[in-house]
Amino acid sequence: MPETVVTRFAPSPTGFLHIGGARTALYNWLLARANNGKFLLRIEDTDRKRSTDEAIEAILNGMKWMGLDWDGDAISQFDRADRHREVAEAMLASGHAYKCFSSPEETAELRDAARAEGKPFRGDMWREKQDQAPANTPYSIRIKMPREGSHAIDDQVQGRVEVQNAELDDMIIMRSDGTPTYMLAVVVDDHDMGVTHVVRGDDHLNNAFRQIPIYKALEWDIPTYAHIPLIHGPDGKKLSKRHGALGVEGYEEMGFLPEAMRNYLLRLGWSHGDEEIIPTAKAIEWFTLENVGKSPSRFDFDKLDFVNSYYMKELNGSELLPYVQSDLEEQVGHALDATEVERVTKALPSLAERAKRLPDLHEGASLFCNTRPLSLTDKAAKQLSGDTVPMLGSLTPVLEKVSQWNADDIKAAIVSFAEAEELKLGKVMQPVRAAVTGGKQSGDLAETLEILGQEETVARLRDVVAA
RNA sequence: GGUCCCUUCGUCUAGUGGCCUAGGACGCUGCCCUUUCACGGCGGAAACACGGGUUCGAGUCCCGUAGGGAUCACCA
């Protein structure tokens with residue numbers, strides 16, 4: 001029987017959920033869901049100075065928006081400090097760790113000096129002098145790293161990676177104020193939470209080698225590692241906060257659908273042959289770590305737009321409406337009435353045909369709201385000059401007489417009008433479109449008029465003729 | 001600087017020694033469709049970083065060079 005897969009996402013709450021974190025979370029979530037396992041969430045808030053409640057909120061909201069649900073409650077790492085301390089004490093007792101009486105300032109000085117000389121700094125000032133421990137002096141606890149040999153991990157993404165133990169420093173696992181450091185806390189928490197697969201950014205690859213000795217000291221099983229490459233900005237530079245990195249809520253505001261984000265982020269660094277459109281259900285079916293790429297990738301808005309437009313087209317009018325209604329109401333300046341809701345709902349699918357992002361939708365949808373008289377774009381105004389106005393004047397009564405207000409009959413009426421007047425169809429259609437839409441982008445004209453309704457159509461035409 | 005990782009079209013990628021005169025997608029672009037804008041259809045330009053090996057044969061394996069990235073805290 002295969003072991004149950006348990007993954008986790010462990011962000012530190014020092015800012016929003018950025019795009020790289022979102023992808024890491026997605027991969028962890030997918031791995032768990034694909035294997036019928038568990039996906040846990042742990043907030044790494046042991047750094048009290050930098051952690052904020054706002055950031056925790058932002059991260060949780062980001063996860064929810066992305067549709068990444070976690071099993072059980074989100075765990076606060078800080079709440080587990082007692083347990084971390086207990087483990088540190090145990091390591092001290094077993095001789096796998098020792099007390100360090102150097103102050104932070106002193107340590108920094110020694111480190112800088114060592115680096116200036118080009119020598120490695122291992123922080124092992126007190127490693128061999130435990131018998132000289134001063135009384136009443138605060139101390140931190142450092143791990144006693146092995147100095148001989150090496151160890152290797154079989155990373156599920158990076159392959160076999162080996163590091164010499166001599167490269168490792170005696171890092172601090174418990175600060176002099178009694179709080180645990182990250183290196184200790186991750187190991188203890190991952191173990192206690194039963195995490196089997198650690199999937200995280202490859203900026204942690206080196207950390208794996210510093211964490212493994214802790215597992216060994218405690219005689220715990222070492223999890224399977226998968227270090228995924230980082231995401232860079234469109235310019236190839238690291239995606240940092242000052243470099244255009246946005247929280248996922250930024251993408252929500254730009255008008256991207258969560259499903260599109262999931263698809264795009266999944267495909268950025270992972271592949272399943274030539275598949276491009278991968279709905280989440282398929283992703284769960286197909287996801288494996290071995291198909292994760294090894295090289296960093298760049299974020300590309302053009303492709304995200306493409307994916308997003310695909311998913312928008314998949315939705316029907318009433319599914320689309322909630323995404324646009326409030327922005328639309330803001331734009332037209334009033335709450336939509338029942339007629340408007342009906343018109344907009346009908347129009348949305350064809351609007352989605354030519355939209356990339358959600359805001360493109362309410363731009364076009366506003367045309368189906370009652371906002372007479374319409375303001376005309378320059379282009380529309382230009383088309384509504386000269387003899388097109390009297391032409392519209394004669395067309396209006398014709399449309400008024402259409403008894404069955406549907407696209408086919410409307411089109412037939414316009415066509416026979418054009419024939420009678422010996423005008424090219426375009427010469428009639430274009431001005432009507434301009435008059436009725438005010439120059440806004442819209443789909444098939446007859447269909448647009450049908451949705452708008454006879455009364456509103458005629459009224460808009462009259463507005464132009466009267467002007 | 002030490003250590004570690006990475007390197008196929010502009011971008012995301014397929015490719016696991018012969019199926020590759022390197023495939024798909026986005027973007028760009030020609031044509032067609034068309035009442036606008038789109039969508040769609042059919043085409044096009046566009047890549048194995050470089051140099052050595054190994055092999056009958058290398059994008060695929062090995063070594064080196066170059067470039068990019070990560071990391072070296074009492075941050076996570």
# chains A, B, ... in the order shown; residues from 1 in each chain; ligands from 1
$ interface_residues --of "chain B" --to "chain A" --cutoff "8 Å" --atoms "only C-alpha atoms (C1' of nucleotides)" --output "list in words"
G1, G2, U3, C4, C5, C6, U7, U11, C12, U13, A14, G24, A25, C26, G27, U35, U36, C37, A38, C39, G69, A70, U71, C74, C75 and A76 of chain B
$ write_last_selection --atoms "C-alpha atoms (C1' of nucleotides)" --output "PDB file, in the first residue's frame"
ATOM      1  C1'   G B   1      34.179  35.011  -3.860  1.00  0.00           C
ATOM      2  C1'   G B   2      32.576  29.638  -1.959  1.00  0.00           C
ATOM      3  C1'   U B   3      28.694  26.111  -2.744  1.00  0.00           C
ATOM      4  C1'   C B   4      24.455  24.535  -5.504  1.00  0.00           C
ATOM      5  C1'   C B   5      21.061  24.799  -9.715  1.00  0.00           C
ATOM      6  C1'   C B   6      19.800  26.018 -14.760  1.00  0.00           C
ATOM      7  C1'   U B   7      20.596  26.837 -20.533  1.00  0.00           C
ATOM      8  C1'   U B  11       8.012  33.817 -24.496  1.00  0.00           C
ATOM      9  C1'   C B  12       5.944  28.962 -22.349  1.00  0.00           C
ATOM     10  C1'   U B  13       7.367  24.318 -23.807  1.00  0.00           C
ATOM     11  C1'   A B  14       7.591  18.840 -26.581  1.00  0.00           C
ATOM     12  C1'   G B  24       2.835  22.477 -30.238  1.00  0.00           C
ATOM     13  C1'   A B  25       1.082  27.101 -27.925  1.00  0.00           C
ATOM     14  C1'   C B  26       1.252  32.585 -27.113  1.00  0.00           C
ATOM     15  C1'   G B  27       2.960  36.741 -29.671  1.00  0.00           C
ATOM     16  C1'   U B  35     -21.926  44.676 -41.702  1.00  0.00           C
ATOM     17  C1'   U B  36     -17.494  46.841 -37.254  1.00  0.00           C
ATOM     18  C1'   C B  37     -14.275  44.530 -33.712  1.00  0.00           C
ATOM     19  C1'   A B  38     -13.257  39.824 -32.717  1.00  0.00           C
ATOM     20  C1'   C B  39     -13.587  34.488 -33.370  1.00  0.00           C
ATOM     21  C1'   G B  69      19.807  32.102 -11.213  1.00  0.00           C
ATOM     22  C1'   A B  70      19.809  30.612  -5.975  1.00  0.00           C
ATOM     23  C1'   U B  71      22.198  30.649  -1.417  1.00  0.00           C
ATOM     24  C1'   C B  74      20.033  34.945  16.358  1.00  0.00           C
ATOM     25  C1'   C B  75      14.887  36.238   7.895  1.00  0.00           C
ATOM     26  C1'   A B  76      11.856  32.656   6.122  1.00  0.00           C
TER      27        A B  76
END
$ residues_around --residues "G51 (chain B)" --least-positions-apart "5" --cutoff "12 Å" --atoms "only C-alpha atoms (C1' of nucleotides)" --output "ChimeraX atom specification"
/B:63-66
$ write_last_selection --atoms "all heavy atoms" --output "tab-separated table (two decimals), in the first residue's frame"
chain	number	residue	atom	x	y	z
B	63	C	P	30.18	15.49	-16.34
B	63	C	OP1	30.44	15.36	-14.89
B	63	C	OP2	29.00	16.25	-16.81
B	63	C	O5'	31.47	16.11	-17.04
B	63	C	C5'	32.76	15.61	-16.73
B	63	C	C4'	33.78	16.36	-17.55
B	63	C	O4'	33.55	16.08	-18.96
B	63	C	C3'	33.69	17.88	-17.48
B	63	C	O3'	34.35	18.41	-16.34
B	63	C	C2'	34.41	18.28	-18.76
B	63	C	O2'	35.80	18.18	-18.66
B	63	C	C1'	33.89	17.22	-19.73
B	63	C	N1	32.69	17.69	-20.46
B	63	C	C2	32.88	18.55	-21.55
B	63	C	O2	34.02	18.89	-21.86
B	63	C	N3	31.79	19.00	-22.22
B	63	C	C4	30.56	18.61	-21.85
B	63	C	N4	29.53	19.08	-22.55
B	63	C	C5	30.35	17.75	-20.74
B	63	C	C6	31.43	17.31	-20.08
B	64	G	P	33.86	19.84	-15.79
B	64	G	OP1	34.55	20.04	-14.49
B	64	G	OP2	32.40	19.91	-15.88
B	64	G	O5'	34.45	20.85	-16.86
B	64	G	C5'	35.84	21.11	-16.94
B	64	G	C4'	36.12	21.93	-18.16
B	64	G	O4'	35.50	21.31	-19.30
B	64	G	C3'	35.52	23.33	-18.15
B	64	G	O3'	36.34	24.25	-17.45
B	64	G	C2'	35.49	23.65	-19.64
B	64	G	O2'	36.75	24.04	-20.14
B	64	G	C1'	35.09	22.30	-20.24
B	64	G	N9	33.64	22.21	-20.45
B	64	G	C8	32.73	21.46	-19.74
B	64	G	N7	31.51	21.61	-20.18
B	64	G	C5	31.62	22.50	-21.23
B	64	G	C6	30.64	23.05	-22.10
B	64	G	O6	29.42	22.83	-22.11
B	64	G	N1	31.19	23.92	-23.02
B	64	G	C2	32.53	24.23	-23.11
B	64	G	N2	32.87	25.10	-24.06
B	64	G	N3	33.46	23.72	-22.31
B	64	G	C4	32.94	22.88	-21.42
B	65	U	P	35.68	25.57	-16.82
B	65	U	OP1	36.75	26.29	-16.08
B	65	U	OP2	34.44	25.17	-16.12
B	65	U	O5'	35.29	26.42	-18.09
B	65	U	C5'	36.32	27.01	-18.90
B	65	U	C4'	35.69	27.79	-20.03
B	65	U	O4'	34.93	26.89	-20.87
B	65	U	C3'	34.65	28.83	-19.60
B	65	U	O3'	35.26	30.04	-19.19
B	65	U	C2'	33.86	29.00	-20.88
B	65	U	O2'	34.53	29.81	-21.82
B	65	U	C1'	33.79	27.57	-21.40
B	65	U	N1	32.57	26.89	-20.94
B	65	U	C2	31.40	27.15	-21.64
B	65	U	O2	31.36	27.91	-22.58
B	65	U	N3	30.29	26.50	-21.16
B	65	U	C4	30.23	25.63	-20.10
B	65	U	O4	29.17	25.12	-19.79
B	65	U	C5	31.48	25.42	-19.44
B	65	U	C6	32.59	26.04	-19.86
B	66	A	P	34.48	31.01	-18.18
B	66	A	OP1	35.36	32.15	-17.86
B	66	A	OP2	33.91	30.19	-17.08
B	66	A	O5'	33.27	31.55	-19.06
B	66	A	C5'	33.51	32.40	-20.19
B	66	A	C4'	32.22	32.64	-20.92
B	66	A	O4'	31.72	31.38	-21.42
B	66	A	C3'	31.08	33.18	-20.08
B	66	A	O3'	31.15	34.58	-19.92
B	66	A	C2'	29.87	32.76	-20.91
B	66	A	O2'	29.68	33.60	-22.02
B	66	A	C1'	30.30	31.38	-21.37
B	66	A	N9	29.87	30.33	-20.44
B	66	A	C8	30.60	29.71	-19.47
B	66	A	N7	29.93	28.81	-18.78
B	66	A	C5	28.66	28.86	-19.34
B	66	A	C6	27.48	28.16	-19.06
B	66	A	N6	27.39	27.23	-18.11
B	66	A	N1	26.39	28.45	-19.80
B	66	A	C2	26.49	29.38	-20.75
B	66	A	N3	27.53	30.11	-21.12
B	66	A	C4	28.60	29.79	-20.37
$ select_by_dssp --residues "region 147-225 of chain A" --states "helix (DSSP H, G or I)" --output "short mmCIF file (atom, residue, chain, number, x, y, z; two decimals) with N, CA, C and O atoms, in the first residue's frame"
data_model
loop_
_atom_site.label_atom_id
_atom_site.label_comp_id
_atom_site.auth_asym_id
_atom_site.auth_seq_id
_atom_site.Cartn_x
_atom_site.Cartn_y
_atom_site.Cartn_z
N ASN A 165 29.48 17.86 3.55
CA ASN A 165 29.11 18.33 4.89
C ASN A 165 30.00 19.46 5.36
O ASN A 165 29.60 20.31 6.15
N ALA A 166 31.23 19.49 4.87
CA ALA A 166 32.17 20.54 5.28
C ALA A 166 31.68 21.93 4.88
O ALA A 166 32.12 22.94 5.41
N GLU A 167 30.72 21.97 3.95
CA GLU A 167 30.20 23.27 3.51
C GLU A 167 29.18 23.84 4.49
O GLU A 167 28.82 25.01 4.41
N TYR A 182 13.78 29.35 11.73
CA TYR A 182 13.12 28.67 10.62
C TYR A 182 13.64 27.26 10.40
O TYR A 182 12.86 26.31 10.23
N MET A 183 14.98 27.10 10.38
CA MET A 183 15.56 25.81 10.05
C MET A 183 15.05 24.69 10.96
O MET A 183 14.80 23.59 10.52
N LEU A 184 14.92 25.02 12.21
CA LEU A 184 14.43 24.02 13.16
C LEU A 184 12.92 23.84 13.02
O LEU A 184 12.42 22.72 12.94
N ALA A 185 12.25 24.98 12.95
CA ALA A 185 10.78 24.95 12.93
C ALA A 185 10.23 24.18 11.73
O ALA A 185 9.30 23.37 11.89
N VAL A 186 10.79 24.40 10.53
CA VAL A 186 10.26 23.67 9.38
C VAL A 186 10.38 22.18 9.57
O VAL A 186 9.43 21.44 9.28
N VAL A 187 11.53 21.75 10.04
CA VAL A 187 11.76 20.32 10.18
C VAL A 187 10.79 19.72 11.20
O VAL A 187 10.13 18.71 10.93
N VAL A 188 10.69 20.36 12.34
CA VAL A 188 9.81 19.84 13.38
C VAL A 188 8.35 19.83 12.92
O VAL A 188 7.65 18.83 13.08
N ASP A 189 7.95 20.92 12.32
CA ASP A 189 6.55 21.00 11.87
C ASP A 189 6.25 20.01 10.75
O ASP A 189 5.22 19.34 10.76
N ASP A 190 7.14 19.95 9.77
CA ASP A 190 6.90 19.02 8.67
C ASP A 190 6.80 17.60 9.21
O ASP A 190 5.97 16.81 8.78
N HIS A 191 7.66 17.30 10.16
CA HIS A 191 7.62 15.95 10.74
C HIS A 191 6.32 15.72 11.51
O HIS A 191 5.62 14.74 11.30
N ASP A 192 6.01 16.66 12.39
CA ASP A 192 4.82 16.50 13.23
C ASP A 192 3.53 16.49 12.41
O ASP A 192 2.55 15.85 12.78
N ASP A 202 13.09 26.66 -5.59
CA ASP A 202 14.45 26.14 -5.51
C ASP A 202 15.41 27.08 -4.79
O ASP A 202 16.60 26.81 -4.67
N ASP A 203 14.89 28.19 -4.29
CA ASP A 203 15.73 29.02 -3.43
C ASP A 203 15.95 28.29 -2.10
O ASP A 203 16.78 28.68 -1.30
N HIS A 204 15.20 27.22 -1.91
CA HIS A 204 15.36 26.42 -0.69
C HIS A 204 16.23 25.19 -0.88
O HIS A 204 16.43 24.42 0.05
N LEU A 205 16.71 25.00 -2.09
CA LEU A 205 17.48 23.79 -2.36
C LEU A 205 18.65 23.63 -1.40
O LEU A 205 18.89 22.58 -0.84
N ASN A 206 19.39 24.72 -1.21
CA ASN A 206 20.53 24.65 -0.29
C ASN A 206 20.10 24.38 1.14
O ASN A 206 20.82 23.74 1.90
N ASN A 207 18.91 24.88 1.47
CA ASN A 207 18.42 24.68 2.84
C ASN A 207 18.17 23.22 3.15
O ASN A 207 18.28 22.80 4.30
N ALA A 208 17.81 22.46 2.12
CA ALA A 208 17.51 21.05 2.35
C ALA A 208 18.71 20.38 3.04
O ALA A 208 18.54 19.55 3.94
N PHE A 209 19.88 20.78 2.61
CA PHE A 209 21.09 20.15 3.15
C PHE A 209 21.38 20.57 4.58
O PHE A 209 22.08 19.89 5.31
N ARG A 210 20.85 21.70 4.97
CA ARG A 210 21.04 22.16 6.34
C ARG A 210 19.97 21.55 7.23
O ARG A 210 20.13 21.46 8.44
N GLN A 211 18.86 21.15 6.62
CA GLN A 211 17.77 20.60 7.40
C GLN A 211 17.90 19.08 7.63
O GLN A 211 17.48 18.57 8.66
N ILE A 212 18.50 18.43 6.66
CA ILE A 212 18.62 16.98 6.76
C ILE A 212 19.36 16.52 8.04
O ILE A 212 18.92 15.57 8.69
N PRO A 213 20.44 17.21 8.42
CA PRO A 213 21.10 16.78 9.66
C PRO A 213 20.19 16.83 10.88
O PRO A 213 20.37 16.06 11.83
N ILE A 214 19.20 17.72 10.84
CA ILE A 214 18.26 17.78 11.96
C ILE A 214 17.40 16.50 11.96
O ILE A 214 17.20 15.87 13.00
N TYR A 215 16.91 16.14 10.80
CA TYR A 215 16.14 14.89 10.70
C TYR A 215 16.97 13.72 11.22
O TYR A 215 16.49 12.88 11.97
N LYS A 216 18.23 13.70 10.78
CA LYS A 216 19.08 12.59 11.17
C LYS A 216 19.33 12.57 12.67
O LYS A 216 19.31 11.51 13.30
N ALA A 217 19.57 13.74 13.24
CA ALA A 217 19.82 13.83 14.67
C ALA A 217 18.62 13.31 15.46
O ALA A 217 18.77 12.69 16.50
N LEU A 218 17.45 13.56 14.93
CA LEU A 218 16.23 13.17 15.63
C LEU A 218 15.75 11.78 15.22
O LEU A 218 14.74 11.28 15.74
#
$ residues_around --residues "Val324 (chain A)" --least-positions-apart "3" --cutoff "8 Å" --atoms "only C-alpha atoms (C1' of nucleotides)" --output "PyMOL selection string"
chain A and resi 320-321+327-328+358-359+361-362
$ residues_around --residues "Asn36 (chain A)" --least-positions-apart "3" --cutoff "10 Å" --atoms "only C-alpha atoms (C1' of nucleotides)" --output "compact mmCIF listing (two decimals) with all heavy atoms, in the first residue's frame"
# COMPACT_ATOMS: atom_id res chain seq x y z
N THR A 4 0.40 7.59 2.07
CA THR A 4 -0.46 8.70 1.72
C THR A 4 0.40 9.94 1.50
O THR A 4 1.33 10.20 2.24
CB THR A 4 -1.43 8.98 2.89
OG1 THR A 4 -2.06 7.76 3.23
CG2 THR A 4 -2.47 9.98 2.48
N VAL A 5 0.07 10.67 0.46
CA VAL A 5 0.82 11.88 0.17
C VAL A 5 0.31 13.03 1.04
O VAL A 5 -0.90 13.29 1.09
CB VAL A 5 0.69 12.26 -1.32
CG1 VAL A 5 1.25 13.65 -1.58
CG2 VAL A 5 1.40 11.22 -2.18
N VAL A 6 1.21 13.69 1.74
CA VAL A 6 0.85 14.87 2.50
C VAL A 6 1.78 15.99 2.06
O VAL A 6 3.00 15.88 2.18
CB VAL A 6 0.99 14.65 4.02
CG1 VAL A 6 0.63 15.93 4.77
CG2 VAL A 6 0.12 13.50 4.48
N LEU A 30 -2.09 20.34 -6.13
CA LEU A 30 -2.30 19.37 -7.20
C LEU A 30 -1.71 18.01 -6.84
O LEU A 30 -2.33 16.97 -7.09
CB LEU A 30 -1.64 19.89 -8.48
CG LEU A 30 -2.43 20.32 -9.72
CD1 LEU A 30 -3.91 20.58 -9.45
CD2 LEU A 30 -1.76 21.50 -10.40
N LEU A 31 -0.52 18.04 -6.29
CA LEU A 31 0.13 16.77 -5.94
C LEU A 31 -0.72 16.01 -4.91
O LEU A 31 -0.91 14.80 -5.02
CB LEU A 31 1.53 17.02 -5.38
CG LEU A 31 2.35 15.76 -5.08
CD1 LEU A 31 2.66 15.01 -6.37
CD2 LEU A 31 3.65 16.13 -4.36
N ALA A 32 -1.24 16.76 -3.94
CA ALA A 32 -2.08 16.13 -2.92
C ALA A 32 -3.38 15.61 -3.53
O ALA A 32 -3.77 14.47 -3.33
CB ALA A 32 -2.38 17.12 -1.80
N ARG A 33 -4.04 16.47 -4.30
CA ARG A 33 -5.33 16.08 -4.89
C ARG A 33 -5.16 14.94 -5.90
O ARG A 33 -6.03 14.10 -6.03
CB ARG A 33 -5.99 17.29 -5.57
CG ARG A 33 -6.34 18.43 -4.60
CD ARG A 33 -7.45 18.03 -3.62
NE ARG A 33 -7.67 19.07 -2.61
CZ ARG A 33 -7.30 18.96 -1.33
NH1 ARG A 33 -6.70 17.86 -0.91
NH2 ARG A 33 -7.55 19.93 -0.47
N PHE A 39 -3.46 18.28 1.71
CA PHE A 39 -2.73 19.50 1.43
C PHE A 39 -2.89 20.41 2.65
O PHE A 39 -4.01 20.80 3.00
CB PHE A 39 -3.29 20.19 0.18
CG PHE A 39 -2.77 21.57 -0.05
CD1 PHE A 39 -1.42 21.79 -0.30
CD2 PHE A 39 -3.63 22.67 -0.02
CE1 PHE A 39 -0.93 23.07 -0.52
CE2 PHE A 39 -3.15 23.96 -0.24
CZ PHE A 39 -1.80 24.16 -0.49
N ILE A 284 -5.57 17.73 -12.16
CA ILE A 284 -5.49 16.79 -11.05
C ILE A 284 -5.23 15.39 -11.56
O ILE A 284 -4.47 14.62 -10.97
CB ILE A 284 -6.80 16.84 -10.22
CG1 ILE A 284 -6.90 18.18 -9.48
CG2 ILE A 284 -6.87 15.67 -9.23
CD1 ILE A 284 -8.22 18.42 -8.80
$ select_by_dssp --residues "region 74-289 of chain A" --states "strand (DSSP E)" --output "VMD selection string"
chain A and resid 75 to 76 97 to 100 140 to 143 150 to 155 159 to 164 172 to 174 197 to 201 224 to 228 231 to 232
$ write_last_selection --atoms "C-alpha atoms" --output "mmCIF file, in the first residue's frame"
data_model
loop_
_atom_site.group_PDB
_atom_site.id
_atom_site.type_symbol
_atom_site.label_atom_id
_atom_site.label_comp_id
_atom_site.auth_asym_id
_atom_site.auth_seq_id
_atom_site.Cartn_x
_atom_site.Cartn_y
_atom_site.Cartn_z
ATOM 1 C CA ILE A 75 -1.340 26.215 11.375
ATOM 2 C CA SER A 76 0.585 29.010 13.005
ATOM 3 C CA ALA A 97 23.494 20.697 19.449
ATOM 4 C CA TYR A 98 25.393 22.960 21.747
ATOM 5 C CA LYS A 99 25.188 26.334 23.445
ATOM 6 C CA CYS A 100 26.751 29.367 21.823
ATOM 7 C CA SER A 140 21.683 30.542 21.448
ATOM 8 C CA ILE A 141 21.611 26.888 20.480
ATOM 9 C CA ARG A 142 23.556 25.780 17.439
ATOM 10 C CA ILE A 143 23.410 22.480 15.662
ATOM 11 C CA SER A 150 28.567 14.369 2.284
ATOM 12 C CA HIS A 151 24.955 13.692 1.736
ATOM 13 C CA ALA A 152 22.732 13.682 -1.283
ATOM 14 C CA ILE A 153 19.063 14.052 -1.979
ATOM 15 C CA ASP A 154 17.133 12.636 -4.891
ATOM 16 C CA ASP A 155 15.193 15.710 -5.708
ATOM 17 C CA GLY A 159 17.615 15.104 -9.708
ATOM 18 C CA ARG A 160 20.397 13.876 -7.481
ATOM 19 C CA VAL A 161 22.176 16.701 -5.696
ATOM 20 C CA GLU A 162 25.112 16.175 -3.396
ATOM 21 C CA VAL A 163 26.713 18.574 -0.931
ATOM 22 C CA GLN A 164 29.837 18.128 1.174
ATOM 23 C CA ILE A 172 21.417 28.533 15.082
ATOM 24 C CA ILE A 173 18.302 26.524 15.762
ATOM 25 C CA MET A 174 17.157 28.437 18.842
ATOM 26 C CA HIS A 197 6.550 15.658 0.071
ATOM 27 C CA VAL A 198 8.220 19.025 0.413
ATOM 28 C CA VAL A 199 7.557 20.991 -2.752
ATOM 29 C CA ARG A 200 8.964 24.503 -2.635
ATOM 30 C CA GLY A 201 10.921 27.082 -4.607
ATOM 31 C CA THR A 224 10.759 13.551 -0.517
ATOM 32 C CA TYR A 225 11.960 16.852 -1.894
ATOM 33 C CA ALA A 226 10.984 18.693 -5.049
ATOM 34 C CA HIS A 227 12.527 22.098 -5.614
ATOM 35 C CA ILE A 228 10.767 23.926 -8.376
ATOM 36 C CA ILE A 231 9.380 32.560 -11.906
ATOM 37 C CA HIS A 232 11.072 35.597 -13.406
#
$ atom_distance --atom1 "CA of Thr371 (chain A)" --atom2 "CA of Val464 (chain A)"
13.9 Å
$ closest_residue --among "A:Arg8, A:Arg111, A:Lys346, A:Lys356" --to "Met193 (chain A)" --atoms "only C-alpha atoms"
A:Arg8
$ residues_around --residues "region 338-345 of chain A" --least-positions-apart "3" --cutoff "9 Å" --atoms "only C-alpha atoms (C1' of nucleotides)" --output "ChimeraX atom specification"
/A:316-321,325,348-349,365-370,451-453
